[in-house]
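Asker: This one is start12.txt, compact mmCIF, C-alpha atoms and all ligand atoms.
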# COMPACT_ATOMS: atom_id res chain seq x y z
CA MET A 1110 171.66 195.84 40.15
CA THR A 1111 168.07 197.08 39.99
CA PRO A 1112 166.40 197.11 43.38
CA PRO A 1113 163.52 194.63 43.53
CA SER A 1114 160.16 196.13 42.76
CA PRO A 1115 157.53 196.20 45.51
CA THR A 1116 155.62 193.50 43.60
CA THR A 1117 158.64 191.20 43.55
CA GLN A 1118 159.12 191.75 47.24
CA ALA A 1119 155.54 190.86 48.01
CA ALA A 1120 155.76 187.70 45.89
CA ALA A 1121 159.03 186.49 47.42
CA PRO A 1122 158.56 183.50 49.70
CA THR A 1123 158.75 184.61 53.27
CA ILE A 1124 160.91 182.84 55.77
CA ALA A 1125 158.05 183.28 58.18
CA SER A 1126 156.09 180.57 56.39
CA ASP A 1127 159.02 178.20 56.93
CA GLN A 1128 159.14 179.17 60.53
CA GLN A 1129 155.56 178.32 61.33
CA SER A 1130 155.60 176.28 64.43
CA ARG A 1131 155.12 172.59 63.90
CA SER A 1132 152.76 170.32 65.77
CA SER A 1133 153.62 167.06 64.04
CA PHE A 1134 156.56 165.06 62.68
CA ILE A 1135 156.64 165.21 58.89
CA ASN A 1136 158.94 162.68 57.27
CA ALA A 1137 159.84 164.74 54.22
CA ASP A 1138 163.04 165.90 52.55
CA LYS A 1139 163.67 168.79 54.85
CA TRP A 1140 163.09 169.45 58.52
CA LEU A 1141 163.46 173.16 59.15
CA ASP A 1142 164.67 174.61 62.44
CA THR A 1143 163.17 177.75 63.99
CA ASP A 1144 165.36 179.88 61.67
CA GLY A 1145 163.90 178.15 58.61
CA LYS A 1146 167.09 176.13 57.89
CA HIS A 1147 167.33 172.36 57.45
CA ILE A 1148 168.48 170.66 60.66
CA ASN A 1149 172.19 169.90 60.29
CA ALA A 1150 172.58 167.24 63.02
CA HIS A 1151 173.15 163.78 61.53
CA GLY A 1152 173.99 160.42 63.05
CA GLY A 1153 172.81 162.08 66.22
CA GLY A 1154 171.09 161.43 69.51
CA VAL A 1155 168.74 163.27 71.82
CA LEU A 1156 169.30 164.04 75.49
CA PHE A 1157 166.62 165.34 77.86
CA HIS A 1158 167.78 167.67 80.62
CA ASP A 1159 165.86 170.09 82.89
CA GLY A 1160 162.74 170.17 80.72
CA VAL A 1161 164.59 170.58 77.41
CA TYR A 1162 165.53 168.12 74.69
CA TYR A 1163 168.97 168.54 73.09
CA TRP A 1164 169.65 167.01 69.70
CA HIS A 1165 173.39 166.56 69.04
CA GLY A 1166 174.57 165.37 65.65
CA GLU A 1167 177.14 165.70 62.90
CA SER A 1168 177.21 169.28 61.67
CA ARG A 1169 178.45 168.91 58.12
CA PRO A 1170 179.85 171.95 56.31
CA ALA A 1171 177.80 173.41 53.47
CA GLN A 1172 181.07 174.32 51.73
CA ARG A 1173 184.39 172.54 51.90
CA GLY A 1174 186.38 173.88 54.84
CA GLY A 1175 183.32 175.53 56.45
CA PRO A 1176 182.72 175.28 60.20
CA SER A 1177 181.84 171.73 61.24
CA GLY A 1178 181.87 169.32 64.14
CA VAL A 1179 178.99 168.49 66.43
CA GLY A 1180 175.91 170.66 66.14
CA VAL A 1181 173.26 171.02 68.83
CA TYR A 1182 169.58 172.01 68.67
CA SER A 1183 167.13 172.46 71.53
CA SER A 1184 163.39 171.88 71.82
CA ARG A 1185 160.70 171.64 74.47
CA ASP A 1186 158.18 169.77 72.32
CA LEU A 1187 160.32 167.63 69.94
CA TYR A 1188 158.68 169.24 66.88
CA ASN A 1189 160.33 172.68 66.89
CA TRP A 1190 164.12 172.89 67.14
CA LYS A 1191 166.30 175.93 67.75
CA ASN A 1192 169.86 175.93 66.44
CA GLU A 1193 172.24 176.32 69.40
CA GLY A 1194 175.35 176.28 67.21
CA LEU A 1195 178.37 174.01 67.37
CA ALA A 1196 178.74 172.11 70.64
CA LEU A 1197 182.14 170.84 69.52
CA ALA A 1198 183.99 172.51 66.67
CA LYS A 1199 186.89 171.15 64.68
CA VAL A 1200 190.01 173.22 65.30
CA ASP A 1201 192.81 174.83 63.29
CA ASP A 1202 195.56 173.29 65.43
CA GLU A 1203 197.10 170.62 63.19
CA SER A 1204 198.41 168.69 66.20
CA SER A 1205 194.91 168.10 67.57
CA ASP A 1206 193.02 164.87 66.81
CA ILE A 1207 190.02 167.05 65.88
CA THR A 1208 191.84 169.31 63.46
CA HIS A 1209 189.95 170.30 60.27
CA GLY A 1210 190.00 167.34 57.90
CA CYS A 1211 189.26 164.75 60.58
CA ILE A 1212 185.91 162.95 60.44
CA ILE A 1213 183.51 163.23 63.37
CA GLU A 1214 180.50 160.92 63.20
CA ARG A 1215 177.57 159.73 65.31
CA PRO A 1216 178.17 161.89 68.42
CA LYS A 1217 176.13 161.03 71.51
CA VAL A 1218 175.88 163.04 74.74
CA ILE A 1219 174.89 161.81 78.19
CA TYR A 1220 174.71 163.58 81.55
CA ASN A 1221 176.72 162.39 84.50
CA ALA A 1222 175.03 163.39 87.75
CA ARG A 1223 178.08 162.51 89.83
CA SER A 1224 180.41 164.96 88.08
CA GLY A 1225 177.72 167.36 86.85
CA GLN A 1226 179.27 167.08 83.38
CA PHE A 1227 177.80 166.39 79.98
CA VAL A 1228 179.88 163.69 78.36
CA MET A 1229 180.15 163.32 74.59
CA TRP A 1230 181.62 160.32 72.77
CA PHE A 1231 181.87 160.14 69.00
CA HIS A 1232 183.42 158.17 66.18
CA LEU A 1233 186.63 159.86 65.12
CA GLU A 1234 188.74 159.33 62.04
CA LEU A 1235 192.06 161.12 61.98
CA LYS A 1236 192.84 163.59 59.21
CA GLY A 1237 194.17 162.05 56.02
CA ARG A 1238 193.65 158.45 57.05
CA GLY A 1239 190.24 157.70 55.56
CA TYR A 1240 188.38 155.36 57.91
CA ALA A 1241 191.49 153.50 59.11
CA ALA A 1242 191.92 155.03 62.56
CA ALA A 1243 188.53 153.78 63.86
CA ARG A 1244 188.84 155.64 67.17
CA THR A 1245 186.40 156.96 69.70
CA GLY A 1246 186.64 160.56 70.88
CA LEU A 1247 185.69 162.07 74.23
CA ALA A 1248 184.68 165.65 75.01
CA VAL A 1249 183.07 167.16 78.13
CA SER A 1250 181.15 170.29 79.06
CA ARG A 1251 179.23 171.83 81.95
CA SER A 1252 176.44 172.75 79.50
CA PRO A 1253 174.52 170.56 77.07
CA THR A 1254 175.01 173.17 74.34
CA GLY A 1255 178.75 173.35 75.00
CA PRO A 1256 181.28 174.44 74.15
CA PHE A 1257 182.61 170.93 74.80
CA THR A 1258 186.29 170.50 75.58
CA PHE A 1259 187.95 167.74 73.62
CA VAL A 1260 189.72 165.38 76.05
CA ARG A 1261 191.29 162.59 74.01
CA SER A 1262 190.68 159.89 71.43
CA LEU A 1263 191.51 156.23 71.77
CA ARG A 1264 190.66 152.70 70.82
CA PRO A 1265 188.75 151.01 73.64
CA ASN A 1266 190.12 148.42 76.03
CA ALA A 1267 193.67 147.94 74.76
CA GLY A 1268 195.24 144.91 76.43
CA ILE A 1269 191.96 143.53 77.79
CA TRP A 1270 190.16 140.44 76.49
CA PRO A 1271 186.36 140.51 76.24
CA GLU A 1272 184.21 138.47 78.60
CA GLY A 1273 183.81 134.91 77.47
CA PHE A 1274 186.79 134.97 75.11
CA PRO A 1275 188.19 131.42 75.04
CA GLU A 1276 191.36 130.89 77.08
CA GLN A 1277 193.09 129.12 74.19
CA SER A 1278 192.56 132.14 71.89
CA ARG A 1279 194.01 134.68 74.32
CA SER A 1280 197.17 135.54 72.42
CA PRO A 1281 197.73 138.71 70.40
CA LEU A 1282 198.11 138.28 66.67
CA ALA A 1283 200.40 140.32 64.43
CA ARG A 1284 198.60 142.14 61.60
CA ALA A 1285 200.76 140.21 59.11
CA ASP A 1286 199.48 136.87 60.44
CA VAL A 1287 195.75 137.57 60.08
CA LYS A 1288 195.57 136.32 56.50
CA ALA A 1289 197.27 133.03 57.32
CA VAL A 1290 194.83 132.37 60.17
CA ASN A 1291 191.86 133.25 57.95
CA ASP A 1292 193.15 130.94 55.21
CA GLU A 1293 193.72 128.12 57.62
CA MET A 1294 190.42 128.28 59.51
CA GLY A 1295 188.19 129.73 56.79
CA PHE A 1296 187.17 133.39 57.01
CA ARG A 1297 183.93 133.05 58.94
CA PRO A 1298 185.12 130.65 61.67
CA SER A 1299 188.30 132.69 62.00
CA LEU A 1300 186.31 135.90 62.43
CA GLU A 1301 183.99 134.34 64.98
CA ALA A 1302 186.96 132.94 66.86
CA GLY A 1303 188.26 136.50 67.22
CA VAL A 1304 191.03 136.92 64.69
CA TYR A 1305 190.49 140.71 64.69
CA THR A 1306 190.01 140.85 68.47
CA ARG A 1307 193.47 139.33 68.76
CA ARG A 1308 194.89 141.62 66.07
CA ASP A 1309 193.57 144.71 67.87
CA PHE A 1310 194.31 143.49 71.41
CA GLU A 1311 197.41 145.57 71.95
CA GLY A 1312 196.31 148.82 70.29
CA GLY A 1313 192.67 148.65 71.38
CA GLN A 1314 189.55 147.56 69.54
CA MET A 1315 188.21 149.46 66.55
CA ALA A 1316 185.32 151.84 67.26
CA ARG A 1317 183.32 153.17 64.30
CA ASP A 1318 179.50 153.59 64.24
CA MET A 1319 178.58 154.11 67.87
CA THR A 1320 175.97 154.91 70.46
CA LEU A 1321 175.80 155.38 74.21
CA TYR A 1322 173.23 153.81 76.46
CA VAL A 1323 172.54 154.73 80.11
CA ASP A 1324 170.76 152.01 82.05
CA ASP A 1325 168.24 152.44 84.88
CA ASP A 1326 170.99 151.88 87.45
CA GLY A 1327 173.03 154.79 86.02
CA LYS A 1328 175.64 152.55 84.39
CA ALA A 1329 176.56 153.66 80.90
CA TYR A 1330 177.74 151.67 77.91
CA HIS A 1331 179.66 152.57 74.79
CA ILE A 1332 178.52 150.43 71.85
CA ALA A 1333 180.52 150.51 68.63
CA SER A 1334 181.14 148.64 65.40
CA ALA A 1335 184.53 146.93 65.52
CA GLU A 1336 186.48 144.18 63.78
CA GLU A 1337 186.25 145.83 60.34
CA ASN A 1338 182.52 146.38 61.05
CA TYR A 1339 181.82 142.66 61.39
CA THR A 1340 181.16 142.78 65.14
CA LEU A 1341 179.58 145.20 67.62
CA ASN A 1342 181.33 145.67 70.95
CA ILE A 1343 179.66 146.77 74.18
CA HIS A 1344 182.07 148.47 76.57
CA GLU A 1345 181.07 149.47 80.10
CA LEU A 1346 181.96 153.07 81.01
CA ASN A 1347 183.29 154.09 84.43
CA ASP A 1348 181.31 156.05 87.04
CA ASP A 1349 181.89 159.44 85.46
CA TYR A 1350 181.45 158.07 81.92
CA THR A 1351 184.88 159.33 80.80
CA ASP A 1352 186.74 156.01 80.55
CA PHE A 1353 186.29 152.27 80.14
CA THR A 1354 186.12 149.89 83.08
CA GLY A 1355 187.66 147.00 81.16
CA ARG A 1356 184.45 144.98 81.10
CA TRP A 1357 183.31 144.40 77.55
CA ILE A 1358 181.70 141.88 75.22
CA ARG A 1359 181.56 141.13 71.52
CA VAL A 1360 178.03 141.03 70.09
CA ALA A 1361 177.09 138.99 67.02
CA PRO A 1362 180.58 138.41 65.58
CA GLY A 1363 180.24 138.40 61.79
CA GLY A 1364 176.76 139.97 62.03
CA HIS A 1365 177.86 143.06 60.11
CA ASN A 1366 175.87 145.41 62.31
CA GLU A 1367 176.26 149.18 62.22
CA ALA A 1368 174.34 152.25 63.36
CA PRO A 1369 173.37 150.84 66.78
CA ALA A 1370 170.58 152.35 68.92
CA VAL A 1371 169.42 150.85 72.21
CA VAL A 1372 166.20 150.97 74.19
CA LYS A 1373 165.02 148.98 77.21
CA HIS A 1374 161.38 148.04 77.45
CA ASN A 1375 159.73 145.79 80.04
CA GLY A 1376 163.13 144.64 81.26
CA LYS A 1377 164.37 143.65 77.80
CA TYR A 1378 167.10 145.39 75.79
CA TYR A 1379 166.45 146.04 72.13
CA MET A 1380 169.25 147.11 69.81
CA LEU A 1381 168.22 148.53 66.46
CA ALA A 1382 170.98 148.39 63.85
CA SER A 1383 171.69 148.44 60.13
CA GLY A 1384 173.84 146.33 57.87
CA CYS A 1385 177.06 147.65 56.34
CA THR A 1386 176.59 149.24 52.94
CA GLY A 1387 178.20 152.62 53.53
CA TRP A 1388 175.82 155.52 52.87
CA ASP A 1389 173.33 153.28 51.04
CA PRO A 1390 170.30 151.97 52.90
CA ASN A 1391 169.92 148.27 53.73
CA PRO A 1392 167.55 146.22 55.93
CA ALA A 1393 167.37 147.20 59.60
CA ARG A 1394 167.47 144.50 62.25
CA VAL A 1395 166.82 144.22 65.97
CA LEU A 1396 168.96 142.32 68.45
CA GLU A 1397 167.35 141.45 71.77
CA SER A 1398 168.70 140.43 75.14
CA THR A 1399 167.47 140.24 78.72
CA SER A 1400 170.90 141.41 79.92
CA ILE A 1401 173.20 144.05 78.48
CA TRP A 1402 175.87 141.33 78.71
CA GLY A 1403 173.94 139.10 76.33
CA PRO A 1404 173.33 136.71 74.82
CA TRP A 1405 171.97 139.00 72.07
CA LYS A 1406 169.72 137.40 69.51
CA ASN A 1407 168.86 138.80 66.07
CA THR A 1408 165.06 138.87 65.83
CA GLY A 1409 164.84 140.29 62.33
CA ASN A 1410 163.62 143.38 60.56
CA PRO A 1411 161.36 145.68 62.65
CA CYS A 1412 160.24 147.89 59.73
CA ARG A 1413 156.73 147.77 58.29
CA GLY A 1414 155.18 149.75 55.45
CA VAL A 1415 156.55 151.84 52.62
CA ASN A 1416 157.77 155.41 52.34
CA PRO A 1417 155.65 156.72 49.44
CA ALA A 1418 158.16 159.46 48.60
CA ASN A 1419 160.87 157.00 47.52
CA LYS A 1420 158.85 153.75 47.44
CA LEU A 1421 161.32 152.16 49.86
CA GLY A 1422 160.14 149.76 52.54
CA PRO A 1423 161.73 147.35 55.05
CA ASN A 1424 164.42 146.12 52.62
CA LYS A 1425 165.90 149.61 52.60
CA THR A 1426 164.66 150.95 55.95
CA PHE A 1427 162.45 153.50 54.13
CA GLY A 1428 165.66 155.00 52.68
CA GLY A 1429 167.18 155.61 56.12
CA GLN A 1430 169.71 154.23 58.58
CA SER A 1431 169.16 154.07 62.33
CA THR A 1432 170.89 156.46 64.68
CA PHE A 1433 169.05 156.63 68.02
CA ILE A 1434 165.96 155.64 69.98
CA LEU A 1435 164.64 158.55 71.95
CA PRO A 1436 162.48 158.03 75.06
CA VAL A 1437 159.64 160.59 75.11
CA GLN A 1438 159.43 162.23 78.54
CA GLY A 1439 156.32 161.83 80.64
CA LYS A 1440 154.91 159.07 78.45
CA PRO A 1441 155.73 155.60 79.65
CA SER A 1442 156.81 153.21 76.90
CA ALA A 1443 156.89 156.00 74.29
CA TYR A 1444 159.98 155.88 72.12
CA ILE A 1445 160.93 157.44 68.80
CA ALA A 1446 163.27 155.72 66.37
CA MET A 1447 165.49 158.22 64.55
CA PHE A 1448 167.00 157.54 61.11
CA ASP A 1449 169.27 159.44 58.74
CA VAL A 1450 168.61 159.62 55.02
CA TRP A 1451 172.16 160.11 53.81
CA ARG A 1452 173.11 162.36 50.92
CA PRO A 1453 176.78 161.49 50.51
CA ARG A 1454 177.52 164.39 48.15
CA THR A 1455 175.82 167.00 50.31
CA LEU A 1456 175.90 165.45 53.74
CA HIS A 1457 174.60 168.61 55.44
CA GLU A 1458 171.35 168.10 53.49
CA SER A 1459 170.87 164.51 54.67
CA GLY A 1460 167.31 163.99 55.79
CA HIS A 1461 165.71 162.77 58.99
CA ILE A 1462 163.05 160.13 59.52
CA TRP A 1463 161.45 159.92 62.95
CA LEU A 1464 158.95 157.13 63.63
CA PRO A 1465 157.15 155.88 66.72
CA VAL A 1466 158.28 152.56 68.16
CA THR A 1467 155.61 150.06 69.11
CA PHE A 1468 155.79 146.61 70.62
CA GLN A 1469 153.79 143.67 69.30
CA ASN A 1470 154.14 140.40 71.19
CA ASP A 1471 157.34 141.72 72.71
CA ARG A 1472 158.84 142.49 69.28
CA LEU A 1473 159.97 146.03 68.50
CA ILE A 1474 158.13 147.37 65.45
CA VAL A 1475 158.72 150.52 63.40
CA GLN A 1476 155.74 151.26 61.17
CA TRP A 1477 156.06 153.89 58.42
CA ARG A 1478 154.08 157.11 58.86
CA SER A 1479 154.44 160.15 56.61
CA GLU A 1480 153.09 162.45 59.31
CA TRP A 1481 152.28 161.80 62.94
CA ASP A 1482 152.31 163.38 66.38
CA LEU A 1483 152.86 162.36 69.97
CA SER A 1484 149.18 161.52 70.46
CA VAL A 1485 149.89 158.13 68.84
CA PHE A 1486 151.38 157.09 72.14
CA GLN A 1487 148.04 157.42 73.92
CA GLN A 1488 146.34 154.94 71.62
C1 LIG A 1501 178.11 154.09 57.11
C2 LIG A 1501 178.04 154.58 58.52
C3 LIG A 1501 178.08 156.09 58.50
C4 LIG A 1501 179.37 156.51 57.77
C5 LIG A 1501 179.40 155.89 56.39
C6 LIG A 1501 180.68 156.23 55.66
O1 LIG A 1501 178.10 152.69 57.06
O2 LIG A 1501 176.88 154.14 59.15
O3 LIG A 1501 178.04 156.60 59.81
O4 LIG A 1501 180.47 156.08 58.50
O5 LIG A 1501 179.28 154.50 56.49
O6 LIG A 1501 180.73 155.56 54.43
Would you mind writing the structure in this file as structure tokens?

Answerer:
Amino acid sequence: MTPPSPTTQAAAPTIASDQQSRSSFINADKWLDTDGKHINAHGGGVLFHDGVYYWHGESRPAQRGGPSGVGVYSSRDLYNWKNEGLALAKVDDESSDITHGCIIERPKVIYNARSGQFVMWFHLELKGRGYAAARTGLAVSRSPTGPFTFVRSLRPNAGIWPEGFPEQSRSPLARADVKAVNDEMGFRPSLEAGVYTRRDFEGGQMARDMTLYVDDDGKAYHIASAEENYTLNIHELNDDYTDFTGRWIRVAPGGHNEAPAVVKHNGKYYMLASGCTGWDPNPARVLESTSIWGPWKNTGNPCRGVNPANKLGPNKTFGGQSTFILPVQGKPSAYIAMFDVWRPRTLHESGHIWLPVTFQNDRLIVQWRSEWDLSVFQQ
């Protein structure tokens, strides 16, 4: 091969230009980290600890079989992110639940002051079983960047009925009997009456798209799509956030809500979610409640405006799907809604949309902006 001529070298794009430090959020195809590479942290969440933000998300392999798991990036200003590597890596050991070939999605990390541990929960699908396992995985670490130690995976609250579940429905149902009950009652009434809750009573409830939420009183909640994605379940976590207390509720049975993200503002809980259309975008919605234990009420689509790059507006959430609402430190009532723009064939290249959250007449609003910075929160 001929060595490149000095002219070619001079003309080659320099990584340095990619690495220029950012002072705004730009909702474009790529968001480059401080090494000039697109941020590979999808379905993620952001944790603030000791002056630093940590962004954990799905690290998808660029090539089949490449390293993957949960990636972590760090930042002091939210604009510029440094790749800190894999916080949790899939393993070679075939007997592990997180062996290569499993699916790890929507990881979230919270800090437990009592144990001094960082606690990660994530949606886990076991190798070779598609999306049938619908489990939640737990990993812990003494450092926000890991390495996290995988603890176990499970389906939440096996053998425990949710709060408010009617006495007369409290009997487990064999998988083979679900169809008969659906046929007899009609699908929708049967679903609302908990046909899948009863089916999954003994083995534990399904847990797919998920988030974690830590309340002002330090109590933490695991929120996940269950019942074949028809219903969201909120499960209270124990004091060290590593197990379930047994207190849980079903939210909006039949609502088909996925991709949950929670924020509390002026004493009210807001849950941003999507519908269920796989990797394809659909309309976002907000559920509101004055208590984490409900009742939660769907108050409609919070999105306003259009993303000029793809011409998609509220009907398609600007091309994205919610993943987290991040409280900005030191700015009261400043929150950022985070969305993924999925690229199913090259998931590692999936994009990120970050938008400021505002409140109008107590309603949570997400207005499109192609570029913005944290000064919007002073307005
Ligand atoms: C979406 C979900 C993603 C992923 C995808 C798989 O509905 O939000 O996290 O699970 O389905 O098709």

Asker: Excluding same-chain residues fewer than 4 positions from stretch 1280-1286 of chain A, what lies within 8 Å of it counting all atoms listed in the file, as an NGL selection string?

Answerer: :A and (1290 or 1304 or 1307-1311)

Asker: Find the residue from A:Ala1196, A:Val1249, A:Leu1456, A:Ile1332 that sits nearest to A:Val1181; use all atoms listed in the file when measuring.

Answerer: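 That would be A:Ala1196, the residue with the smallest distance to A:Val1181.
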
Asker: Looking at all atoms listed in the file, which of A:Trp1230, A:Trp1270, A:Tyr1188, A:Tyr1163 is the one that sits closest to A:Asp1352?

Answerer: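 Smallest distance to A:Asp1352 is found for A:Trp1230.
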
Asker: Pick the closest to ligand LIG 1501 (chain A) from A:Leu1156, A:Val1360, A:Ala1393, A:Leu1247: which is it, counting all atoms listed in the file?

Answerer: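 Among the listed residues, the smallest separation from ligand LIG 1501 (chain A) belongs to A:Ala1393.
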
Asker: Between atom CA of A:Asn1419 and atom CA of A:Glu1458, what is the distance in Å, rounded to a tenth?

Answerer: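 Between these atoms lies a distance of 16.4 Å.
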
Asker: Counting all atoms listed in the file, select every polymer residue within 9 Å of (163.1, 162.8, 58.3) as defined in the file's coordinates, and provide the selection as an mmCIF file with C-alpha atoms, in the frame of the given file.

Answerer:
data_model
loop_
_atom_site.group_PDB
_atom_site.id
_atom_site.type_symbol
_atom_site.label_atom_id
_atom_site.label_comp_id
_atom_site.auth_asym_id
_atom_site.auth_seq_id
_atom_site.Cartn_x
_atom_site.Cartn_y
_atom_site.Cartn_z
ATOM 1 C CA PHE A 1134 156.560 165.060 62.680
ATOM 2 C CA ILE A 1135 156.640 165.210 58.890
ATOM 3 C CA ASN A 1136 158.940 162.680 57.270
ATOM 4 C CA ALA A 1137 159.840 164.740 54.220
ATOM 5 C CA ASP A 1138 163.040 165.900 52.550
ATOM 6 C CA LYS A 1139 163.670 168.790 54.850
ATOM 7 C CA TRP A 1140 163.090 169.450 58.520
ATOM 8 C CA GLY A 1429 167.180 155.610 56.120
ATOM 9 C CA MET A 1447 165.490 158.220 64.550
ATOM 10 C CA PHE A 1448 167.000 157.540 61.110
ATOM 11 C CA ASP A 1449 169.270 159.440 58.740
ATOM 12 C CA VAL A 1450 168.610 159.620 55.020
ATOM 13 C CA SER A 1459 170.870 164.510 54.670
ATOM 14 C CA GLY A 1460 167.310 163.990 55.790
ATOM 15 C CA HIS A 1461 165.710 162.770 58.990
ATOM 16 C CA ILE A 1462 163.050 160.130 59.520
ATOM 17 C CA TRP A 1463 161.450 159.920 62.950
ATOM 18 C CA LEU A 1464 158.950 157.130 63.630
#

Asker: In terms of the shortest atom-to-atom distance over all atoms listed in the file, which of A:Gln1469, A:Asn1338, A:Ser1484, A:Thr1426 is closest to ligand LIG 1501 (chain A)?

Answerer: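 Among the listed residues, A:Asn1338 lies closest to ligand LIG 1501 (chain A).
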
Asker: Find the spatial neighbours of A:Tyr1379, counting all atoms listed in the file, within a cut-off of 10 Å - ignore same-chain residues fewer than 5 positions away - and output them as a PyMOL selection string.

Answerer: chain A and resi 1369-1374+1395-1399+1401+1405-1408+1434+1472-1473

Asker: Counting all atoms listed in the file, give me one row per residue of chain A with an atom at most 10 Å from an atom of ligand LIG 1501 (chain A), showing the shortest contact pair and its distance in Å to one decimal, sorted by chain then residue number, as CSV.

Answerer:
residue,atom,partner,partner_atom,distance
A:His1151,CA,A:LIG1501,O3,8.9
A:Gly1152,CA,A:LIG1501,O3,6.4
A:Gly1153,CA,A:LIG1501,O3,9.9
A:Glu1167,CA,A:LIG1501,O3,9.7
A:Ile1212,CA,A:LIG1501,O4,9.0
A:Ile1213,CA,A:LIG1501,O4,9.2
A:Glu1214,CA,A:LIG1501,O3,6.0
A:Arg1215,CA,A:LIG1501,O3,6.3
A:His1232,CA,A:LIG1501,O3,8.5
A:Leu1233,CA,A:LIG1501,O4,9.8
A:Glu1234,CA,A:LIG1501,O4,9.6
A:Gly1239,CA,A:LIG1501,C6,9.7
A:Tyr1240,CA,A:LIG1501,O4,8.0
A:Ala1243,CA,A:LIG1501,O4,9.9
A:Arg1317,CA,A:LIG1501,O4,7.1
A:Asp1318,CA,A:LIG1501,O3,5.6
A:Met1319,CA,A:LIG1501,O3,8.5
A:Ser1334,CA,A:LIG1501,O2,9.4
A:Asn1338,CA,A:LIG1501,O1,8.7
A:Asn1366,CA,A:LIG1501,O1,9.2
A:Glu1367,CA,A:LIG1501,O2,5.9
A:Ala1368,CA,A:LIG1501,O2,5.3
A:Pro1369,CA,A:LIG1501,O2,9.0
A:Ala1382,CA,A:LIG1501,O2,9.5
A:Ser1383,CA,A:LIG1501,O2,7.8
A:Gly1384,CA,A:LIG1501,O1,7.7
A:Cys1385,CA,A:LIG1501,O1,5.2
A:Thr1386,CA,A:LIG1501,O1,5.6
A:Gly1387,CA,A:LIG1501,O1,3.5
A:Trp1388,CA,A:LIG1501,C1,5.0
A:Asp1389,CA,A:LIG1501,O1,7.7
A:Pro1390,CA,A:LIG1501,O1,8.9
A:Asn1391,CA,A:LIG1501,O1,9.9
A:Gln1430,CA,A:LIG1501,O2,7.2
A:Ser1431,CA,A:LIG1501,O2,8.3
A:Thr1432,CA,A:LIG1501,O2,8.5
A:Asp1449,CA,A:LIG1501,O3,9.3
A:Trp1451,CA,A:LIG1501,C3,8.6
A:Pro1453,CA,A:LIG1501,O6,8.1

Asker: Just to confirm, what's the straight-line distance from atom CA of A:Pro1176 to atom CA of A:Ser1252 in Å (one decimal)?

Answerer: 20.5 Å

Asker: For A:Ile1269, find every residue with an atom within 8 Å (counting all atoms listed in the file), except residues of its own chain fewer than 2 positions away, and show them as a list in words.

Answerer: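 With the cut-off at 8 Å, the set is Asn1266, Ala1267, Pro1271, Phe1310 and Gly1355 of chain A.
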
Asker: Hey, which of A:Arg1131, A:Gly1403, A:Tyr1444, A:Gly1409 ends up closest to A:Gly1273? Count all atoms listed in the file.

Answerer: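 So, comparing all the options, the nearest one is A:Gly1403.
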
Asker: Please determine, counting only C-alpha atoms, which residue among A:Ala1302, A:Ala1171, A:Leu1435, A:Leu1421 has the shortest atom-to-atom distance to A:Glu1276.

Answerer: A:Ala1302

Asker: Can you pull stretch 1336-1355 of chain A out of that block with C-alpha atoms and hand it back as a tab-separated table (two decimals), in the first residue's frame?

Answerer:
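What follows is the written file part_5.tsv:
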chain	number	residue	atom	x	y	z
A	1336	GLU	CA	-48.86	-9.08	31.27
A	1337	GLU	CA	-47.61	-9.44	27.66
A	1338	ASN	CA	-46.90	-5.67	27.72
A	1339	TYR	CA	-50.55	-4.78	28.37
A	1340	THR	CA	-49.98	-3.56	31.94
A	1341	LEU	CA	-47.25	-1.73	33.86
A	1342	ASN	CA	-46.43	-2.98	37.34
A	1343	ILE	CA	-44.92	-0.89	40.13
A	1344	HIS	CA	-43.01	-2.98	42.67
A	1345	GLU	CA	-41.58	-1.50	45.86
A	1346	LEU	CA	-37.92	-2.38	46.49
A	1347	ASN	CA	-36.54	-3.22	49.93
A	1348	ASP	CA	-34.25	-0.95	51.97
A	1349	ASP	CA	-31.07	-1.89	50.13
A	1350	TYR	CA	-32.84	-1.93	46.74
A	1351	THR	CA	-31.80	-5.54	46.03
A	1352	ASP	CA	-35.15	-7.28	46.44
A	1353	PHE	CA	-38.91	-6.75	46.39
A	1354	THR	CA	-40.93	-6.05	49.51
A	1355	GLY	CA	-44.06	-7.75	48.19
